[in-house]
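For reference, the structure is listed below as structure tokens.
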Amino acid sequence: MRRGAAAAAALLCLGAACLLGRGFDPRAWLLPPRGRLLGAAELARYRGAPGEPGLYLAVLGRVFDVERGRRHYGPGGAYSGLAGRDATRAFATGDFTPAGLVDDVSALSPGEMLAIRSWLSFYGDNYHPVGKLVGRFYDENGAPTEALKQAEAAIEEAVKFQAESEQRKQQFPPCNSEWSSAKGSRFWCSRQSGGVNRDWAGVPRKLYRPGSRGSHCVCVRTTGPPWGEPDSTEHSGRGDLDNPQLEEYDGCHPLAEQCVLKV
């Protein structure tokens with residue numbers, strides 16, 4: 001019997017050595033399996049309090065182990081309200097009241113959806129993914145729900161909107177501006193106005209966006225082909241001055257880099 005026990009022990013040691021050689025983590029059994037499905041009640045047990053099994057949070061239904069950030073997410077931490085739940089909305093709005101610590105992301109603005117995307121990327125890069133939360137964003141089989149598909153579509157639209165906005169800013173950089181009760185409003189353009197470094201200054205114009213009643217001052221390029229037509233040979237050489245969304249300021253010279261509107 002003793003020989004049999006010794007042989008069994010040797011085999012176990014050999015097996016362990018092989019597993020460790022293959023990268024086996026002997027502590028892995030302590031961690032939830034990757035891709036685990038959790039219910040809301042189970043996730044609520046992971047707030048990091050004494051006697052609880054761990055410290056988790058969820059974003060868009062994706063659960064992460066945030067134990068390494070315990071000072072932020074654990075009891076008493078600045079973001080402890082995020083632990084043990086999916087409070088995706090709070091990541092976008094900054095509302096950490098009970099009404100804000102929810103997973104409803106409907107009616108959020110494009111900018112807020114981009115914030116959620118950024119936070120999801122942050123947790124994916126810095127914390128261990130545990131699995132999925134069964135509820136609003138994943139069903140009992142771990143499949144995406146319609147709510148998740150809508151949220152992801154909203155994020156894609158927000159990314160597209162951001163890219164278009166950045167492109168528009170490159171085409172029409174915002175003016176520098178100032179106002180005083182004595183002198184009125186002054187708008188002017190430079191090669192750095194609007195935070196856009198470029199090789200032209202431009203002239204001030206009112207820009208009206210489709211569907212918007214108001215306007216704001218932008219700097220408009222006055223030479224070369226229109227934006228988006230760099231290879232065009234049939235153009236007036238007036239840059240974007242003829243864009244139909246633009247309007248001149250009354251009382252200002254059409255080609256002046258500065259415009260003063262007196263009170």
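Here's how to read the names in the structure tokens: chain A, B, ... by the order shown, residue numbers from 1 in each chain, ligand numbers from 1 in the order shown.
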Inset, instruction - Would you list the contacts of segment 97-112 of chain A as number ranges by chain, taking every protein, DNA or RNA residue within 7 Å and counting only C-alpha atoms, but skipping same-chain residues closer than 5 positions in sequence? - result: A: 86-90, 92, 158
Legend entry - strand (DSSP E) positions in segment 6-240 of chain A, given as a count of residues only: 39
Inset, instruction - Using DSSP on the backbone, list every residue of segment 95-261 of chain A that comes out as alpha helix (DSSP H), and give them as a ChimeraX atom specification. - result: /A:110-126,146-171
Inset, instruction - Find the residues around Gly54 of chain A up to 12 Å (only C-alpha atoms counted), leave out those fewer than 2 positions away in its own chain, and share them as an MDAnalysis selection string. - result: chainID A and resid 30:32 42:52 56:57 64:70 73:75 83:84 130
Inset, instruction - Might you pull out every residue within 7 Å of segment 239-251 of chain A, with only C-alpha atoms counted and same-chain residues fewer than 3 positions away left off, and present them as a ChimeraX atom specification? - result: /A:205-209,220-227,254
Written selection (C-alpha atoms) as a PDB file, in the first residue's frame:
ATOM      1  CA  ARG A 205     -18.450  84.026 -41.170  1.00  0.00           C
ATOM      2  CA  LYS A 206     -21.700  82.860 -39.581  1.00  0.00           C
ATOM      3  CA  LEU A 207     -22.146  79.115 -39.936  1.00  0.00           C
ATOM      4  CA  TYR A 208     -25.676  77.704 -39.884  1.00  0.00           C
ATOM      5  CA  ARG A 209     -25.969  73.961 -39.331  1.00  0.00           C
ATOM      6  CA  VAL A 220     -13.330  80.334 -43.632  1.00  0.00           C
ATOM      7  CA  ARG A 221     -10.527  79.687 -46.090  1.00  0.00           C
ATOM      8  CA  THR A 222     -10.546  82.246 -48.915  1.00  0.00           C
ATOM      9  CA  THR A 223      -8.256  80.679 -51.527  1.00  0.00           C
ATOM     10  CA  GLY A 224      -7.866  77.435 -53.404  1.00  0.00           C
ATOM     11  CA  PRO A 225     -10.478  74.738 -54.115  1.00  0.00           C
ATOM     12  CA  PRO A 226     -13.439  74.060 -51.803  1.00  0.00           C
ATOM     13  CA  TRP A 227     -13.018  71.606 -48.930  1.00  0.00           C
ATOM     14  CA  PRO A 254     -15.963  90.354 -46.720  1.00  0.00           C
TER      15      PRO A 254
END
